[in-house]
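Q: So here's protein-v1.txt (compact mmCIF, C-alpha atoms and all ligand atoms).
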# COMPACT_ATOMS: atom_id res chain seq x y z
CA MET B 395 71.87 29.71 38.76
CA LYS B 396 72.85 27.52 35.78
CA ARG B 397 71.55 24.45 37.62
CA ILE B 398 68.19 26.09 38.20
CA MET B 399 67.99 27.07 34.52
CA ILE B 400 68.72 23.47 33.46
CA LEU B 401 66.15 22.19 35.96
CA VAL B 402 63.49 24.58 34.67
CA LEU B 403 64.34 23.62 31.09
CA ALA B 404 64.15 19.92 31.92
CA ILE B 405 60.82 20.32 33.69
CA THR B 406 59.23 22.35 30.90
CA THR B 407 60.55 19.89 28.29
CA GLY B 408 59.18 17.03 30.36
CA LEU B 409 55.82 18.74 30.72
CA GLY B 410 55.78 19.48 27.01
CA VAL B 411 56.46 15.86 26.08
CA LEU B 412 53.86 14.73 28.59
CA ALA B 413 51.30 17.18 27.23
CA TYR B 414 52.06 16.13 23.67
CA THR B 415 51.75 12.40 24.35
CA THR B 416 48.65 12.64 26.52
CA HIS B 417 47.15 14.89 23.88
CA SER B 418 47.88 12.63 20.91
CA ALA B 419 47.62 9.20 22.54
CA PRO B 420 43.83 9.23 23.01
CA GLN B 421 43.45 10.45 19.45
CA ALA B 422 45.23 7.36 18.19
CA ASP B 423 42.97 4.87 19.93
CA ASP B 424 39.93 7.11 20.19
CA VAL B 425 38.90 6.16 16.68
CA LYS B 426 38.74 2.48 15.90
CA VAL B 427 39.96 1.95 12.36
CA ILE B 428 38.62 -1.13 10.58
CA SER B 429 39.54 -2.14 7.04
CA ILE B 430 36.87 -3.94 5.05
CA THR B 431 37.41 -5.49 1.64
CA ALA B 432 34.43 -5.99 -0.66
CA LYS B 433 34.32 -8.56 -3.41
CA LYS B 434 31.61 -10.53 -5.20
CA PHE B 435 29.63 -11.40 -3.03
CA ASP B 436 30.83 -10.66 0.47
CA PHE B 437 32.59 -8.29 2.82
CA THR B 438 35.76 -9.35 4.67
CA PRO B 439 35.56 -9.30 7.64
CA GLY B 440 31.86 -10.06 7.52
CA GLU B 441 31.34 -9.46 11.20
CA ILE B 442 32.73 -6.61 13.25
CA THR B 443 32.37 -5.92 16.95
CA VAL B 444 32.74 -2.38 18.26
CA LYS B 445 31.97 -0.45 21.41
CA LYS B 446 29.10 1.96 21.80
CA GLY B 447 30.25 5.57 21.91
CA VAL B 448 33.69 4.87 20.42
CA PRO B 449 34.09 6.46 16.97
CA VAL B 450 34.66 3.96 14.16
CA ALA B 451 36.42 4.62 10.88
CA LEU B 452 35.63 2.05 8.22
CA GLU B 453 38.18 1.92 5.43
CA LEU B 454 36.38 0.34 2.51
CA THR B 455 38.02 -1.04 -0.56
CA SER B 456 37.17 -3.53 -3.30
CA SER B 457 39.24 -6.31 -4.80
CA ASP B 458 37.17 -6.77 -7.96
CA ARG B 459 34.60 -4.19 -9.07
CA VAL B 460 32.48 -1.32 -7.80
CA HIS B 461 30.28 -2.22 -4.84
CA GLY B 462 28.05 -0.21 -2.56
CA PHE B 463 27.89 0.20 1.18
CA SER B 464 24.46 0.79 2.64
CA PHE B 465 23.97 1.05 6.38
CA PRO B 466 20.55 2.57 7.08
CA ASP B 467 20.71 1.96 10.86
CA PHE B 468 23.42 4.63 10.97
CA LYS B 469 22.27 6.54 7.88
CA LEU B 470 25.42 5.77 5.90
CA THR B 471 25.97 5.03 2.24
CA ALA B 472 29.17 4.94 0.24
CA LYS B 473 30.60 3.75 -3.03
CA ILE B 474 33.43 1.22 -2.83
CA GLU B 475 35.87 1.29 -5.72
CA PRO B 476 38.82 -0.98 -6.54
CA GLY B 477 42.20 0.65 -5.90
CA LYS B 478 40.67 3.28 -3.67
CA VAL B 479 39.98 3.55 0.04
CA THR B 480 36.65 5.06 1.01
CA ARG B 481 36.62 6.22 4.62
CA VAL B 482 33.35 6.22 6.53
CA VAL B 483 33.45 7.64 10.06
CA PHE B 484 30.65 7.39 12.57
CA THR B 485 29.98 6.79 16.27
CA PRO B 486 27.68 3.90 17.14
CA ASP B 487 25.12 5.39 19.53
CA LYS B 488 23.09 2.24 20.19
CA THR B 489 23.87 -1.37 21.04
CA GLY B 490 22.69 -4.38 19.06
CA GLU B 491 23.35 -6.18 15.79
CA PHE B 492 23.06 -4.26 12.57
CA THR B 493 23.33 -5.37 8.95
CA PHE B 494 25.07 -3.45 6.19
CA SER B 495 24.76 -4.49 2.56
CA CYS B 496 25.98 -3.85 -0.94
CA ASN B 497 23.57 -1.52 -2.71
CA ILE B 498 25.18 -1.35 -6.13
CA PHE B 499 24.08 -4.29 -8.24
CA CYS B 500 27.12 -6.51 -8.82
CA GLY B 501 25.71 -9.68 -10.33
CA SER B 502 23.95 -12.87 -9.46
CA GLY B 503 24.57 -13.23 -5.73
CA HIS B 504 24.39 -9.52 -4.99
CA GLU B 505 21.40 -9.99 -2.67
CA GLU B 506 23.49 -12.06 -0.28
CA MET B 507 26.28 -9.51 -0.09
CA ALA B 508 26.01 -8.24 3.47
CA GLY B 509 27.88 -8.00 6.75
CA ARG B 510 27.16 -7.44 10.40
CA LEU B 511 28.20 -4.85 12.94
CA ILE B 512 27.80 -5.79 16.57
CA VAL B 513 27.78 -2.90 19.02
CA THR B 514 28.38 -3.76 22.67
CA ASP B 515 28.31 -1.63 25.80
CA MET N 1086 -31.69 12.48 22.59
CA LYS N 1087 -29.83 10.98 25.55
CA LYS N 1088 -31.36 7.58 24.75
CA LEU N 1089 -30.18 7.78 21.14
CA VAL N 1090 -26.59 8.54 22.17
CA LEU N 1091 -26.69 5.65 24.60
CA ALA N 1092 -28.08 3.28 21.95
CA ILE N 1093 -25.40 4.29 19.43
CA THR N 1094 -22.66 3.88 22.03
CA VAL N 1095 -23.91 0.42 22.97
CA LEU N 1096 -24.08 -0.60 19.31
CA LEU N 1097 -20.54 0.64 18.65
CA VAL N 1098 -19.20 -1.24 21.67
CA ILE N 1099 -20.93 -4.43 20.51
CA ALA N 1100 -19.55 -4.00 16.98
CA LEU N 1101 -16.05 -3.47 18.38
CA MET N 1102 -16.35 -6.57 20.56
CA ILE N 1103 -17.49 -8.67 17.59
CA GLY N 1104 -14.55 -7.29 15.59
CA VAL N 1105 -12.03 -8.11 18.30
CA GLY N 1106 -13.67 -11.52 18.75
CA VAL N 1107 -13.35 -12.34 15.05
CA PHE N 1108 -9.65 -11.39 15.17
CA LYS N 1109 -8.89 -13.16 18.43
CA LEU N 1110 -10.79 -16.34 17.59
CA GLY N 1111 -8.74 -16.71 14.41
CA LEU N 1112 -11.68 -16.32 12.06
CA VAL N 1113 -9.78 -14.03 9.66
CA PRO N 1114 -8.36 -16.19 6.84
CA VAL N 1115 -4.62 -15.75 6.22
CA ASN N 1116 -3.94 -18.43 3.61
CA ALA N 1117 -2.55 -17.05 0.34
CA ASP N 1118 -3.55 -19.88 -2.01
CA VAL N 1119 -6.89 -18.45 -3.09
CA PRO N 1120 -7.50 -15.49 -5.41
CA PRO N 1121 -8.11 -12.21 -3.53
CA SER N 1122 -11.81 -11.44 -3.07
CA GLY N 1123 -13.64 -9.01 -5.37
CA LEU N 1124 -13.74 -6.45 -2.59
CA GLU N 1125 -9.97 -6.60 -2.13
CA THR N 1126 -9.13 -6.48 -5.83
CA ARG N 1127 -11.47 -3.51 -6.23
CA PHE N 1128 -10.52 -1.31 -3.27
CA ILE N 1129 -6.94 -2.05 -2.23
CA PRO N 1130 -5.42 -1.11 -5.62
CA ILE N 1131 -7.21 2.24 -5.38
CA ALA N 1132 -5.47 2.94 -2.08
CA VAL N 1133 -2.10 1.72 -3.44
CA HIS N 1134 -2.37 3.82 -6.60
CA ALA N 1135 -3.39 6.92 -4.66
CA SER N 1136 -0.58 6.47 -2.16
CA VAL N 1137 2.04 5.94 -4.86
CA ALA N 1138 0.79 8.97 -6.78
CA ASN N 1139 0.92 11.00 -3.57
CA HIS N 1140 4.43 9.93 -2.51
CA ALA N 1141 6.24 9.49 -5.81
CA GLU N 1142 7.94 12.46 -7.39
CA GLU N 1143 6.81 13.01 -10.95
CA GLN N 1144 10.11 12.97 -12.77
CA PRO N 1145 11.40 11.57 -16.03
CA ASN N 1146 13.94 8.75 -16.03
CA PRO N 1147 17.41 10.37 -15.89
CA MET N 1148 18.87 7.30 -17.64
CA VAL N 1149 18.91 7.57 -21.40
CA PRO N 1150 17.80 4.16 -22.76
CA THR N 1151 21.13 3.41 -24.44
CA ASP N 1152 22.07 -0.26 -24.96
CA GLU N 1153 24.56 0.09 -22.12
CA ASN N 1154 21.96 1.33 -19.63
CA LEU N 1155 19.41 -1.23 -20.76
CA ILE N 1156 21.96 -4.04 -20.43
CA ALA N 1157 22.61 -2.92 -16.85
CA GLY N 1158 18.86 -2.80 -16.16
CA GLY N 1159 18.28 -6.14 -17.88
CA GLU N 1160 20.79 -7.81 -15.58
CA VAL N 1161 19.14 -6.33 -12.50
CA TYR N 1162 15.73 -7.45 -13.76
CA THR N 1163 16.90 -10.97 -14.53
CA VAL N 1164 18.67 -11.51 -11.22
CA MET N 1165 16.34 -9.64 -8.86
CA CYS N 1166 12.86 -9.42 -10.36
CA ALA N 1167 12.23 -12.05 -13.03
CA ARG N 1168 11.54 -14.88 -10.62
CA CYS N 1169 8.38 -13.07 -9.46
CA HIS N 1170 7.51 -10.85 -12.41
CA GLY N 1171 8.28 -13.21 -15.28
CA VAL N 1172 11.10 -13.94 -17.72
CA PRO N 1173 10.67 -12.42 -21.19
CA GLY N 1174 9.94 -15.16 -23.71
CA ARG N 1175 8.76 -17.60 -21.07
CA GLY N 1176 5.35 -18.21 -19.51
CA PRO N 1177 4.17 -16.32 -16.43
CA SER N 1178 5.95 -17.00 -13.15
CA VAL N 1179 4.22 -19.57 -10.95
CA LEU N 1180 6.03 -18.17 -7.92
CA GLY N 1181 4.70 -14.72 -8.81
CA ALA N 1182 1.17 -16.09 -9.14
CA SER N 1183 1.44 -17.64 -5.67
CA PHE N 1184 1.52 -14.31 -3.82
CA TYR N 1185 -1.58 -12.69 -2.33
CA PRO N 1186 -2.04 -10.40 -4.19
CA PRO N 1187 -0.19 -12.01 -7.12
CA ALA N 1188 2.87 -10.30 -8.64
CA PRO N 1189 1.92 -8.58 -11.91
CA GLN N 1190 3.51 -10.25 -14.93
CA PHE N 1191 5.27 -7.43 -16.76
CA THR N 1192 6.02 -9.71 -19.70
CA VAL N 1193 2.27 -10.21 -20.19
CA GLN N 1194 1.08 -6.72 -19.26
CA PRO N 1195 3.39 -3.75 -18.69
CA SER N 1196 2.64 -1.63 -15.63
CA GLY N 1197 0.45 1.45 -16.02
CA TYR N 1198 2.56 3.52 -13.60
CA SER N 1199 4.79 6.38 -14.80
CA GLU N 1200 8.55 5.94 -14.55
CA GLY N 1201 8.72 8.27 -11.53
CA GLU N 1202 6.10 6.13 -9.80
CA LEU N 1203 7.82 2.89 -10.77
CA PHE N 1204 11.03 4.27 -9.25
CA TRP N 1205 9.24 4.98 -5.99
CA ILE N 1206 7.60 1.53 -5.85
CA VAL N 1207 10.85 -0.32 -6.51
CA LYS N 1208 12.76 1.73 -3.94
CA HIS N 1209 10.14 1.59 -1.17
CA GLY N 1210 8.15 -1.60 -1.88
CA ILE N 1211 4.47 -2.20 -1.21
CA ARG N 1212 3.35 -3.04 2.30
CA ASN N 1213 1.68 -6.34 3.13
CA THR N 1214 2.45 -7.79 -0.30
CA GLY N 1215 5.35 -9.81 -1.68
CA MET N 1216 6.88 -6.70 -3.22
CA PRO N 1217 10.05 -5.86 -1.28
CA ALA N 1218 11.61 -2.43 -0.81
CA TRP N 1219 14.80 -2.57 -2.87
CA GLY N 1220 16.39 0.60 -1.47
CA ARG N 1221 18.94 -1.34 0.60
CA LEU N 1222 19.96 -3.58 -2.28
CA LEU N 1223 19.91 -1.26 -5.27
CA SER N 1224 21.34 2.20 -5.80
CA ASP N 1225 19.10 4.89 -7.30
CA GLN N 1226 21.00 4.43 -10.54
CA ASP N 1227 20.32 0.66 -10.54
CA ILE N 1228 16.63 1.36 -9.94
CA TRP N 1229 16.39 3.83 -12.82
CA HIS N 1230 18.11 1.26 -15.04
CA VAL N 1231 15.60 -1.44 -14.17
CA VAL N 1232 12.68 0.97 -14.51
CA ALA N 1233 13.80 1.73 -18.06
CA VAL N 1234 13.73 -2.02 -18.73
CA LEU N 1235 10.28 -2.57 -17.15
CA ARG N 1236 8.93 -0.27 -19.81
CA ARG N 1237 10.44 -2.26 -22.67
CA LEU N 1238 10.55 -5.87 -21.49
CA ASN N 1239 9.08 -7.22 -24.70
CA SER N 1240 10.93 -4.91 -27.06
CA LEU N 1241 14.51 -4.92 -25.75
CA PRO N 1242 17.24 -4.37 -28.36
CA SER N 1243 18.86 -7.69 -29.30
CA ALA N 1244 22.18 -6.78 -27.66
CA VAL N 1245 20.34 -6.31 -24.37
CA GLU N 1246 18.31 -9.48 -24.81
CA ASN N 1247 21.48 -11.48 -25.49
CA SER N 1248 23.28 -10.30 -22.37
CA ARG N 1249 20.14 -10.80 -20.30
CA SER N 1250 19.40 -14.34 -21.47
CA LYS N 1251 23.01 -15.37 -20.83
CA LEU N 1252 22.31 -14.90 -17.12
CA HIS N 1253 19.49 -17.42 -17.10
CU CU B 1301 28.33 -5.91 -4.48
Can you give me the file's structure in the form of structure tokens?
Ligand SMILES: [Cu+2]

A:
Amino acid sequence: MKRIMILVLAITTGLGVLAYTTHSAPQADDVKVISITAKKFDFTPGEITVKKGVPVALELTSSDRVHGFSFPDFKLTAKIEPGKVTRVVFTPDKTGEFTFSCNIFCGSGHEEMAGRLIVTD
Amino acid sequence: MKKLVLAITVLLVIALMIGVGVFKLGLVPVNADVPPSGLETRFIPIAVHASVANHAEEQPNPMVPTDENLIAGGEVYTVMCARCHGVPGRGPSVLGASFYPPAPQFTVQPSGYSEGELFWIVKHGIRNTGMPAWGRLLSDQDIWHVVAVLRRLNSLPSAVENSRSKLH
């Protein structure tokens, strides 16, 4: 009787662990987290490749002053501030190459401040 | 009656074919180094003005023209606009004059548009001209700042003028 109890306990614990890991594991790599640092007058990294249909979380921060993040292809805008992380989450629903840019004037060179997102199948 | 309809149809088809022919044979001039014709300077601005008036929201500039806001707008103007629309205190821009239609020289003649309309033009640009849409490069706040400056290019407070001319 005791053996059966231990067996049942072991099985349910095992199932529980299994359920927990299979439940949380996809969550961890379901969202692709990418950190981007803005500074006058570029984004680092300046080119990012992601997969269509996989949610992306951009973690934006600045190493000098306030910059903007404008990404009309995915209808996103955000303010990037030094000492702060701005999180932008979206799911690329089309493949191709798309350009995001700084849309808060940051000086002479601001026009060239842009980066590229490449979405592959 | 039937004959008339037929005659009109034939005429329209001929006119269409001539039109397509002129386009396809490359008879439409596309060079930009001549002044726009009288017809173009008379009618196109009417369409542009009407469209801007129709699309722009009539609203006052939310930016109070403090020195700080004008300095911000002066920097935007100097870096992003002056090369086409002219640098205060200097002659008209030759680059600006080389567009078809030419870029208006705000240092010579301020625009007649209201600030709400100026905001719309700067954000959305003007099709088939050299005037870009700035909405991807400037925030709404930046645009209001520069609009405030467009209005006062020749009468900027000295603090603003100093910071602006340092950039050039
Ligand atoms: Cu920037």

Q: Could you name the residues that touch Ala1244 in chain N at 12 Å or less, counting all atoms listed in the file, but leaving out those on the same chain fewer than 4 positions away, as a list in words?

A: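 What passes the distance filter is Thr1151, Asp1152, Glu1153, Asn1154, Leu1155, Ile1156, Ala1157, Gly1159, Ser1240, Ser1248, Arg1249, Ser1250 and Lys1251 of chain N.
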
Q: Report as a count of residues only the set of chain N residues whose atoms approach chain B to within 9 Å, with distances computed over only C-alpha atoms.

A: 16

Q: To one decimal place in Å, what is the distance between CA of Thr431 in chain B and CA of Gly447 in chain B?

A: 24.2 Å

Q: Which is closer to ligand CU 1301 (chain B) than all the others in B:Ile430, B:Val450, B:Val513, B:Ile474, using all atoms listed in the file?

A: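 Closest to ligand CU 1301 (chain B) of all the choices is B:Ile474.
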
Q: Which residues are near Asn1146 in chain N? Cut-off 7 Å, all atoms listed in the file, ignore same chain within fewer than 5 positions. Put them as a list in words.

A: Glu1200, Gly1201 and Trp1229 of chain N

Q: Which residues, protein or nucleic acid, reach to within 10 Å of (34.0, -5.6, -11.2) in the file's coordinates when using only C-alpha atoms, and can you give that as a list of chain:residue names?

A: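 Every residue inside that radius is included here: B:Lys433, B:Lys434, B:Ser456, B:Ser457, B:Asp458, B:Arg459, B:Val460, B:His461, B:Glu475, B:Pro476, B:Cys500, B:Gly501.
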
Q: What is the distance between CA of Pro1150 in chain N and CA of Arg1237 in chain N, in Å to one decimal?

A: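 Separation between CA of Pro1150 in chain N and CA of Arg1237 in chain N: 9.8 Å.
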
Q: Calculate how many Å separate CA of Val1119 in chain N from CA of Gly1197 in chain N, rounding to one decimal.

A: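 Interatomic distance, CA of Val1119 in chain N to CA of Gly1197 in chain N: 24.8 Å.
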
Q: Could you give me the centre and size, in Å to one decimal, of an axis-aligned box around all listed atoms of range 1183-1194 of chain N with 8 Å added on every side, as AutoDock Vina command-line options?

A:
--center_x 2.0 --center_y -12.2 --center_z -11.3 --size_x 24.1 --size_y 26.9 --size_z 33.9

Q: Taking 2 positions as the minimum chain separation for residues in the same chain, which residues sit within 8 Å of Glu1143 in chain N when counting all atoms listed in the file? Answer as a ChimeraX atom specification.

A: /N:1141,1145,1199,1201-1202

Q: For ligand CU 1301 (chain B), which residue out of B:Ile512, B:Ala472, B:Ile442, B:Val427 is the nearest one, using all atoms listed in the file?

A: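 Among the listed residues, B:Ala472 lies closest to ligand CU 1301 (chain B).
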
Q: Hey, which of B:Thr455, B:Asp515, B:Gly477, B:Glu491 ends up closest to ligand CU 1301 (chain B)? Count all atoms listed in the file.

A: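 Going through B:Thr455, B:Asp515, B:Gly477, B:Glu491 one by one, the smallest distance to ligand CU 1301 (chain B) is for B:Thr455.
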